[in-house]
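Chemist: Data file work.tsv (TSV, C-alpha atoms and all ligand atoms) is appended below.
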chain	number	residue	atom	x	y	z
A	23	MET	CA	3.38	-21.41	10.71
A	24	GLY	CA	6.76	-20.13	11.84
A	25	ILE	CA	8.67	-16.89	12.00
A	26	LYS	CA	11.92	-16.58	10.08
A	27	LEU	CA	14.42	-13.76	10.24
A	28	ASN	CA	15.53	-12.65	6.81
A	29	ASN	CA	19.20	-13.25	6.21
A	30	GLU	CA	20.59	-9.78	6.68
A	31	ASN	CA	24.11	-10.56	5.54
A	32	GLU	CA	23.23	-12.20	2.26
A	33	LEU	CA	24.02	-10.38	-0.95
A	34	VAL	CA	21.78	-11.32	-3.87
A	35	VAL	CA	23.39	-11.35	-7.31
A	36	ASN	CA	21.12	-11.99	-10.27
A	37	TRP	CA	22.83	-13.82	-13.11
A	38	HIS	CA	20.82	-14.15	-16.30
A	39	ILE	CA	22.56	-17.30	-17.48
A	40	THR	CA	20.93	-17.47	-20.90
A	41	GLU	CA	18.74	-15.53	-23.25
A	42	ALA	CA	17.14	-18.70	-24.60
A	43	CYS	CA	13.57	-19.42	-23.64
A	44	ASN	CA	10.77	-21.59	-24.97
A	45	TYR	CA	8.22	-18.81	-24.37
A	46	LYS	CA	7.96	-15.41	-25.99
A	47	CYS	CA	6.42	-13.06	-23.46
A	48	TYR	CA	5.86	-9.68	-25.06
A	49	TYR	CA	7.36	-7.89	-22.05
A	50	CYS	CA	10.41	-10.12	-21.79
A	51	PHE	CA	13.48	-8.03	-21.07
A	52	ALA	CA	15.87	-10.98	-21.45
A	53	LYS	CA	17.33	-9.62	-24.65
A	54	TRP	CA	21.01	-8.80	-24.77
A	55	GLY	CA	21.98	-9.67	-28.33
A	56	LYS	CA	22.53	-13.32	-29.16
A	57	GLN	CA	25.60	-12.60	-31.29
A	58	LYS	CA	27.91	-12.87	-28.30
A	59	LYS	CA	28.83	-16.13	-26.62
A	60	GLU	CA	27.02	-16.98	-23.42
A	61	ILE	CA	29.28	-17.85	-20.49
A	62	LEU	CA	27.27	-20.93	-19.51
A	63	ASN	CA	28.74	-22.76	-22.51
A	64	ASN	CA	32.30	-22.58	-21.16
A	65	ASP	CA	33.33	-24.17	-17.85
A	66	LYS	CA	36.44	-22.05	-17.50
A	67	LEU	CA	34.49	-18.82	-17.94
A	68	ILE	CA	31.76	-19.92	-15.52
A	69	LYS	CA	34.41	-20.53	-12.84
A	70	LYS	CA	36.12	-17.22	-13.59
A	71	LEU	CA	32.88	-15.26	-13.33
A	72	LEU	CA	31.91	-16.98	-10.07
A	73	ASP	CA	35.37	-16.24	-8.66
A	74	GLU	CA	34.80	-12.55	-9.40
A	75	ILE	CA	31.31	-12.61	-7.89
A	76	GLU	CA	32.78	-14.17	-4.76
A	77	THR	CA	34.72	-10.94	-4.10
A	78	LEU	CA	31.63	-8.69	-4.29
A	79	PRO	CA	30.64	-8.67	-0.59
A	80	SER	CA	33.97	-7.24	0.51
A	81	ILE	CA	33.90	-4.63	-2.29
A	82	LEU	CA	30.39	-3.45	-1.37
A	83	ASN	CA	31.14	-3.51	2.35
A	84	ARG	CA	34.07	-1.19	1.69
A	85	LEU	CA	32.08	1.16	-0.59
A	86	TYR	CA	28.72	1.26	1.19
A	87	LEU	CA	29.51	0.13	4.75
A	88	THR	CA	27.24	-2.89	4.35
A	89	ARG	CA	28.02	-6.16	6.15
A	90	PHE	CA	27.57	-8.81	3.53
A	91	ASP	CA	29.29	-12.09	4.21
A	92	LYS	CA	27.30	-14.48	2.03
A	93	ILE	CA	26.20	-14.60	-1.56
A	94	ARG	CA	22.94	-15.87	-2.94
A	95	LEU	CA	23.28	-16.43	-6.63
A	96	ASN	CA	19.87	-16.01	-8.20
A	97	LEU	CA	19.79	-17.78	-11.57
A	98	VAL	CA	17.50	-16.15	-14.08
A	99	GLY	CA	17.06	-16.25	-17.82
A	100	GLY	CA	15.70	-16.75	-20.39
A	101	GLU	CA	14.60	-20.09	-19.01
A	102	VAL	CA	17.20	-21.39	-16.53
A	103	PHE	CA	16.21	-25.05	-16.82
A	104	LEU	CA	16.24	-25.47	-20.61
A	105	ASN	CA	19.55	-27.33	-20.52
A	106	THR	CA	19.92	-29.67	-17.55
A	107	SER	CA	23.64	-30.39	-17.92
A	108	LYS	CA	24.62	-26.72	-18.18
A	109	VAL	CA	22.59	-25.59	-15.19
A	110	THR	CA	23.87	-28.59	-13.21
A	111	LYS	CA	27.45	-27.43	-13.82
A	112	ILE	CA	26.70	-23.89	-12.69
A	113	ILE	CA	25.05	-25.25	-9.54
A	114	HIS	CA	28.09	-27.43	-8.86
A	115	TYR	CA	30.58	-24.56	-9.21
A	116	ALA	CA	28.41	-22.21	-7.14
A	117	LYS	CA	28.16	-24.79	-4.36
A	118	GLN	CA	31.96	-25.22	-4.42
A	119	ARG	CA	32.12	-21.50	-3.56
A	120	LYS	CA	29.50	-21.93	-0.85
A	121	PHE	CA	26.97	-19.67	-2.55
A	122	SER	CA	23.32	-20.10	-1.68
A	123	LEU	CA	21.18	-20.64	-4.75
A	124	SER	CA	17.81	-19.59	-6.00
A	125	ALA	CA	16.23	-19.34	-9.43
A	126	ILE	CA	13.25	-18.09	-11.34
A	127	THR	CA	11.62	-20.43	-13.81
A	128	ASN	CA	8.58	-20.55	-16.04
A	129	GLY	CA	8.25	-24.15	-14.86
A	130	SER	CA	7.59	-25.62	-18.29
A	131	ARG	CA	10.63	-27.93	-18.46
A	132	LEU	CA	10.68	-29.16	-14.89
A	133	ASN	CA	10.64	-32.92	-14.46
A	134	GLU	CA	11.52	-35.42	-11.73
A	135	GLU	CA	15.28	-34.96	-12.22
A	136	LEU	CA	15.14	-31.16	-12.17
A	137	ASN	CA	12.73	-31.06	-9.23
A	138	LYS	CA	15.26	-33.13	-7.27
A	139	LEU	CA	18.14	-30.90	-8.38
A	140	ILE	CA	16.20	-27.86	-7.17
A	141	ALA	CA	15.13	-29.46	-3.88
A	142	ASP	CA	18.68	-30.63	-3.13
A	143	ASN	CA	20.49	-27.39	-3.94
A	144	PHE	CA	18.24	-24.35	-3.80
A	145	ASP	CA	17.14	-22.21	-0.88
A	146	SER	CA	14.28	-20.86	-2.91
A	147	ILE	CA	12.64	-21.27	-6.29
A	148	GLY	CA	10.40	-18.73	-7.97
A	149	PHE	CA	7.76	-19.48	-10.57
A	150	SER	CA	6.60	-16.76	-12.91
A	151	VAL	CA	2.83	-16.92	-13.18
A	152	ASP	CA	0.88	-13.99	-14.59
A	153	SER	CA	-2.49	-15.55	-15.21
A	154	LEU	CA	-4.58	-18.69	-14.71
A	155	ASN	CA	-6.35	-18.01	-17.96
A	156	GLU	CA	-5.33	-19.85	-21.15
A	157	GLN	CA	-6.27	-16.94	-23.39
A	158	THR	CA	-4.30	-14.42	-21.33
A	159	ASN	CA	-1.24	-16.67	-21.18
A	160	THR	CA	-1.45	-17.07	-24.95
A	161	GLU	CA	-1.65	-13.30	-25.43
A	162	VAL	CA	1.23	-12.72	-23.01
A	163	GLY	CA	3.31	-15.21	-25.06
A	164	ARG	CA	3.46	-18.03	-22.53
A	165	ILE	CA	2.83	-20.58	-25.22
A	166	GLU	CA	4.87	-23.29	-26.92
A	167	LYS	CA	3.78	-25.36	-29.90
A	168	ASN	CA	0.25	-23.99	-29.59
A	169	LYS	CA	-0.03	-25.06	-25.95
A	170	SER	CA	-0.28	-22.34	-23.37
A	171	MET	CA	1.32	-22.54	-19.95
A	172	ASN	CA	0.04	-25.49	-17.90
A	173	ILE	CA	-0.92	-24.20	-14.44
A	174	GLY	CA	-1.77	-27.73	-13.23
A	175	LYS	CA	1.79	-28.83	-14.00
A	176	VAL	CA	3.19	-25.87	-12.06
A	177	LEU	CA	1.10	-26.93	-9.05
A	178	ASP	CA	2.32	-30.55	-9.38
A	179	ASP	CA	5.99	-29.51	-9.64
A	180	ILE	CA	5.71	-27.23	-6.61
A	181	GLY	CA	4.15	-30.15	-4.71
A	182	SER	CA	7.00	-32.49	-5.72
A	183	ILE	CA	9.69	-29.99	-4.77
A	184	ARG	CA	8.07	-29.46	-1.38
A	185	ASP	CA	7.82	-33.22	-0.85
A	186	LEU	CA	11.59	-33.46	-1.46
A	187	SER	CA	12.57	-30.42	0.61
A	188	SER	CA	10.66	-29.11	3.59
A	189	SER	CA	12.91	-26.06	3.92
A	190	ILE	CA	12.79	-24.63	0.40
A	191	ASP	CA	11.01	-21.30	-0.06
A	192	ILE	CA	8.52	-21.14	-2.91
A	193	LYS	CA	8.02	-17.75	-4.55
A	194	ILE	CA	5.64	-16.58	-7.24
A	195	ASN	CA	6.44	-13.66	-9.55
A	196	THR	CA	3.60	-11.91	-11.34
A	197	VAL	CA	3.91	-9.13	-13.89
A	198	VAL	CA	0.80	-6.96	-14.00
A	199	SER	CA	-0.03	-5.51	-17.41
A	200	SER	CA	-3.17	-4.38	-19.19
A	201	LEU	CA	-3.74	-8.05	-20.17
A	202	ASN	CA	-4.15	-9.42	-16.64
A	203	LYS	CA	-4.87	-6.30	-14.58
A	204	SER	CA	-8.48	-7.36	-13.91
A	205	GLU	CA	-7.73	-10.98	-13.05
A	206	ASN	CA	-7.91	-12.71	-9.71
A	207	LEU	CA	-5.11	-15.17	-8.87
A	208	SER	CA	-6.34	-15.88	-5.34
A	209	SER	CA	-7.29	-19.53	-5.92
A	210	PHE	CA	-3.79	-20.31	-7.20
A	211	ILE	CA	-1.96	-18.38	-4.49
A	212	ASP	CA	-4.17	-19.98	-1.86
A	213	ARG	CA	-3.26	-23.46	-3.11
A	214	VAL	CA	0.46	-22.80	-3.46
A	215	LYS	CA	0.78	-20.81	-0.23
A	216	PRO	CA	4.08	-19.30	-1.39
A	217	ASN	CA	6.50	-17.78	1.08
A	218	LYS	CA	6.54	-14.67	-1.05
A	219	TRP	CA	4.53	-13.26	-3.94
A	220	LYS	CA	6.36	-10.61	-5.91
A	221	VAL	CA	4.02	-8.46	-7.94
A	222	PHE	CA	5.62	-6.20	-10.54
A	223	LYS	CA	4.17	-3.48	-12.66
A	224	VAL	CA	5.20	-4.19	-16.26
A	225	LEU	CA	8.33	-2.22	-17.22
A	226	PRO	CA	8.22	-0.43	-20.56
A	227	VAL	CA	11.69	-1.76	-21.50
A	228	LYS	CA	10.75	-3.33	-24.81
A	229	THR	CA	7.26	-2.01	-25.46
A	230	SER	CA	4.78	0.25	-23.75
A	231	GLN	CA	1.87	-1.45	-25.54
A	232	TYR	CA	0.47	-3.22	-22.48
A	233	ASN	CA	1.38	-0.67	-19.83
A	234	VAL	CA	-0.82	-0.50	-16.79
A	235	SER	CA	-1.75	2.66	-14.92
A	236	GLU	CA	-0.76	3.17	-11.30
A	237	SER	CA	-4.41	3.03	-10.24
A	238	ASP	CA	-5.03	-0.29	-12.05
A	239	PHE	CA	-1.86	-1.69	-10.50
A	240	LEU	CA	-3.10	-0.65	-7.05
A	241	LYS	CA	-6.51	-2.17	-7.80
A	242	PHE	CA	-4.79	-5.46	-8.62
A	243	LEU	CA	-2.98	-5.34	-5.27
A	244	ASP	CA	-6.18	-4.42	-3.46
A	245	ARG	CA	-8.04	-7.36	-5.04
A	246	HIS	CA	-5.41	-9.62	-3.49
A	247	LYS	CA	-5.15	-7.89	-0.14
A	248	ASP	CA	-5.80	-11.18	1.70
A	249	PHE	CA	-2.24	-12.01	0.69
A	250	ALA	CA	-0.74	-8.67	1.71
A	251	HIS	CA	1.48	-10.41	4.26
A	252	ILE	CA	3.35	-12.28	1.51
A	253	ILE	CA	3.14	-9.72	-1.30
A	254	SER	CA	6.09	-7.55	-2.13
A	255	SER	CA	5.31	-5.13	-4.90
A	256	GLU	CA	7.64	-2.92	-6.86
A	257	ASP	CA	6.89	-0.07	-9.17
A	258	ASN	CA	9.11	1.09	-12.02
A	259	ASP	CA	11.12	3.58	-10.00
A	260	GLU	CA	12.01	1.10	-7.28
A	261	MET	CA	13.18	-1.37	-9.93
A	262	THR	CA	15.52	1.02	-11.71
A	263	ASP	CA	19.23	0.80	-10.90
A	264	SER	CA	18.78	-1.06	-7.64
A	265	TYR	CA	19.45	-4.67	-8.60
A	266	LEU	CA	22.82	-6.28	-9.22
A	267	MET	CA	22.22	-7.96	-12.56
A	268	ILE	CA	24.68	-9.79	-14.81
A	269	ASP	CA	23.83	-10.71	-18.40
A	270	PRO	CA	24.63	-14.02	-20.17
A	271	VAL	CA	28.00	-12.75	-21.47
A	272	GLY	CA	29.06	-11.57	-18.01
A	273	ARG	CA	28.41	-7.82	-18.01
A	274	PHE	CA	26.61	-5.86	-15.33
A	275	PHE	CA	23.52	-4.25	-16.76
A	276	GLN	CA	20.90	-1.90	-15.40
A	277	ASN	CA	17.65	-0.52	-16.66
A	278	SER	CA	18.26	2.98	-17.88
A	279	SER	CA	16.27	5.73	-16.17
A	280	PHE	CA	16.01	7.65	-19.41
A	281	GLY	CA	14.95	5.24	-22.08
A	282	GLU	CA	14.15	1.70	-22.95
A	283	GLU	CA	17.74	0.52	-23.29
A	284	TYR	CA	20.19	-0.94	-20.80
A	285	ASN	CA	23.39	0.49	-19.41
A	286	TYR	CA	26.21	-2.07	-19.53
A	287	SER	CA	29.60	-2.48	-17.99
A	288	ARG	CA	32.44	-4.11	-19.89
A	289	PRO	CA	32.68	-7.89	-19.30
A	290	ILE	CA	33.42	-8.64	-15.62
A	291	ILE	CA	35.93	-11.38	-16.40
A	292	GLU	CA	37.96	-9.01	-18.59
A	293	ILE	CA	38.24	-5.99	-16.31
A	294	GLY	CA	37.46	-7.37	-12.83
A	295	ILE	CA	34.21	-6.97	-10.92
A	296	ASP	CA	35.27	-3.87	-8.98
A	297	GLU	CA	35.99	-1.95	-12.20
A	298	ALA	CA	32.82	-3.28	-13.85
A	299	LEU	CA	30.76	-2.06	-10.90
A	300	LYS	CA	32.04	1.46	-11.48
A	301	GLU	CA	30.78	1.37	-15.05
A	302	ILE	CA	27.08	1.06	-14.32
A	303	GLU	CA	24.61	3.61	-13.00
A	304	PHE	CA	24.34	1.93	-9.69
A	305	ASN	CA	22.07	3.68	-7.21
A	306	ALA	CA	23.64	3.09	-3.81
A	307	GLN	CA	20.74	4.77	-2.03
A	308	LYS	CA	18.09	2.48	-3.47
A	309	PHE	CA	20.39	-0.45	-2.92
A	310	HIS	CA	20.74	0.54	0.72
A	311	LYS	CA	16.98	0.97	1.06
A	312	ARG	CA	16.36	-2.51	-0.31
A	313	TYR	CA	18.81	-4.07	2.14
A	314	GLU	CA	18.02	-1.86	5.12
A	315	ASN	CA	14.39	-2.88	4.77
A	316	LYS	CA	15.49	-6.49	4.75
A	317	GLN	CA	17.58	-6.06	7.85
A	318	ILE	CA	14.72	-4.95	10.05
A	319	LYS	CA	11.97	-7.03	8.55
A	320	LEU	CA	10.56	-10.15	10.13
A	321	VAL	CA	8.88	-12.33	7.58
A	322	GLU	CA	6.08	-14.71	8.42
A	323	VAL	CA	6.52	-18.04	6.79
A	324	MET	CA	3.48	-20.19	6.21
B	1	LIG	S1	9.20	-16.96	-19.60
B	1	LIG	FE1	10.55	-15.35	-18.80
B	1	LIG	S2	12.40	-15.52	-20.04
B	1	LIG	FE2	10.80	-16.64	-21.11
B	1	LIG	S3	9.97	-15.21	-22.59
B	1	LIG	FE3	8.71	-15.09	-20.72
B	1	LIG	S4	9.63	-13.45	-19.51
B	1	LIG	FE4	11.12	-14.03	-21.06
So that I can check it, write out the structure of this file as structure tokens.
Ligand code: SF4
Modeler:
Amino acid sequence: MGIKLNNENELVVNWHITEACNYKCYYCFAKWGKQKKEILNNDKLIKKLLDEIETLPSILNRLYLTRFDKIRLNLVGGEVFLNTSKVTKIIHYAKQRKFSLSAITNGSRLNEELNKLIADNFDSIGFSVDSLNEQTNTEVGRIEKNKSMNIGKVLDDIGSIRDLSSSIDIKINTVVSSLNKSENLSSFIDRVKPNKWKVFKVLPVKTSQYNVSESDFLKFLDRHKDFAHIISSEDNDEMTDSYLMIDPVGRFFQNSSFGEEYNYSRPIIEIGIDEALKEIEFNAQKFHKRYENKQIKLVEVM
């Protein structure tokens, strides 16, 4: 066990590189309208977008008196690892710009080649796991060709990635809804021993059908209190307007406080990232809170 100081100068930018996914989770908010072309299909556009992202720390430092000097590009989807050659290119261009890398995956497509790519290039990798139960995963929509998510495979892939990289952080993301609110994930978390377990209350972006009450959400957290030292939980309010998120066509987007739709900027590569930033409802206070917390927090790493 060691103690690691969180990187206080690192700005995290979440790029949803694609809408495509092999699962169909009912709560999935990765829906931006497939009619437009995704940037990951065009090398020139990928480079242009990453060049714009590279200027973000100095823009935010000027606007909010932060002291960012590094970028961590967090690749999210859809499923990031559906197309190996496309994600490999993005990784290559991000590394050329000295970005740190992380990603969130459902784990279903990982194989030897991708595990090595992750171990060689990523500072952290997050797996989204809501349930250990086949029936629940089927109901959530974590199912492909009649086969629900394979938890054993997730455990094997995490083991392989750790064998290849001793320094990589493993994270687990769990969305709590009415479908899994009574479940106990302790056996899985105990085996994985992730560096961080992010537990989210389901956001009513697409449907409020499986909403969970605040008290059931707290009960879920309480049931897993043995892992309190690695859990970071966020409710709906904390999640609204406080992430820097870019969609597959290169627009900033934010969850709207008022409804179930997104607020969008115009495309970053058309108007520049500083102008695009002005076009979203960006909550500087929450943003500050998120990063201030990081700056004073010591995190225990198992
Ligand atoms: S695995 Fe993630 S991207 Fe895919 S459908 Fe589920 S929530 Fe959406």
Chemist: Name all residues at most 9 Å from A:Trp54 (count only C-alpha atoms; drop same-chain ones fewer than 6 positions away) and give them as a count of residues only.
Modeler: 5
Chemist: Please determine, counting only C-alpha atoms, which residue among A:Ser187, A:Asn44, A:Gly100, A:Thr88 has the shortest atom-to-atom distance to A:Ser130.
Modeler: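 Looking only at the distances to A:Ser130, the closest residue turns out to be A:Asn44.
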Chemist: With distances taken over all atoms listed in the file, which residue among A:Asn36, A:Gln231, A:Asn159, A:Ser208 lies nearest A:Phe274?
Modeler: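 Checking each candidate against A:Phe274, we get A:Asn36 as the closest.
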Chemist: Could you state the separation of atom CA of A:Asn96 and atom CA of A:Trp37 in Å, given to one decimal place?
Modeler: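 According to the coordinates, atom CA of A:Asn96 and atom CA of A:Trp37 are separated by 6.1 Å.
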Chemist: Smallest atom-to-atom distance to ligand LIG 1 (chain B): which of A:His251, A:Arg131, A:Lys58, A:Lys215, using all atoms listed in the file?
Modeler: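 Ranked by minimum distance to ligand LIG 1 (chain B), first place goes to A:Arg131.
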Chemist: Using all atoms of ligand LIG 1 (chain B) listed in the file and a margin of 8 Å per side, can you give the axis-aligned box centre and edge lengths in Å to one decimal, as lines of an AutoDock Vina configuration file?
Modeler:
center_x = 10.6
center_y = -15.2
center_z = -20.7
size_x = 19.7
size_y = 19.5
size_z = 19.8
Chemist: Counting only C-alpha atoms, which of A:Ile75, A:Ile192, A:Leu186, A:Val214 gets nearest to A:Ile291?
Modeler: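 Result for the nearest residue to A:Ile291: A:Ile75.
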Chemist: Just the residues within 12 Å of A:His246, please, counting only C-alpha atoms, with nothing from its chain fewer than 2 positions along; format it as a list in words.
Modeler: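 Listed by chain and then number, they are Lys203, Ser204, Glu205, Asn206, Leu207, Ser208, Ser209, Phe210, Ile211, Asp212, Trp219, Val221, Phe239, Leu240, Lys241, Phe242, Leu243, Asp244, Asp248, Phe249, Ala250, His251, Ile252, Ile253, Ser254 and Ser255 of chain A.
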Chemist: Restricting the calculation to all atoms listed in the file, which member of A:Glu301, A:Lys120, A:Asp178, A:Leu95 is positioned closest to A:Gln276?
Modeler: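 Ranking A:Glu301, A:Lys120, A:Asp178, A:Leu95 by distance to A:Gln276, first place goes to A:Glu301.
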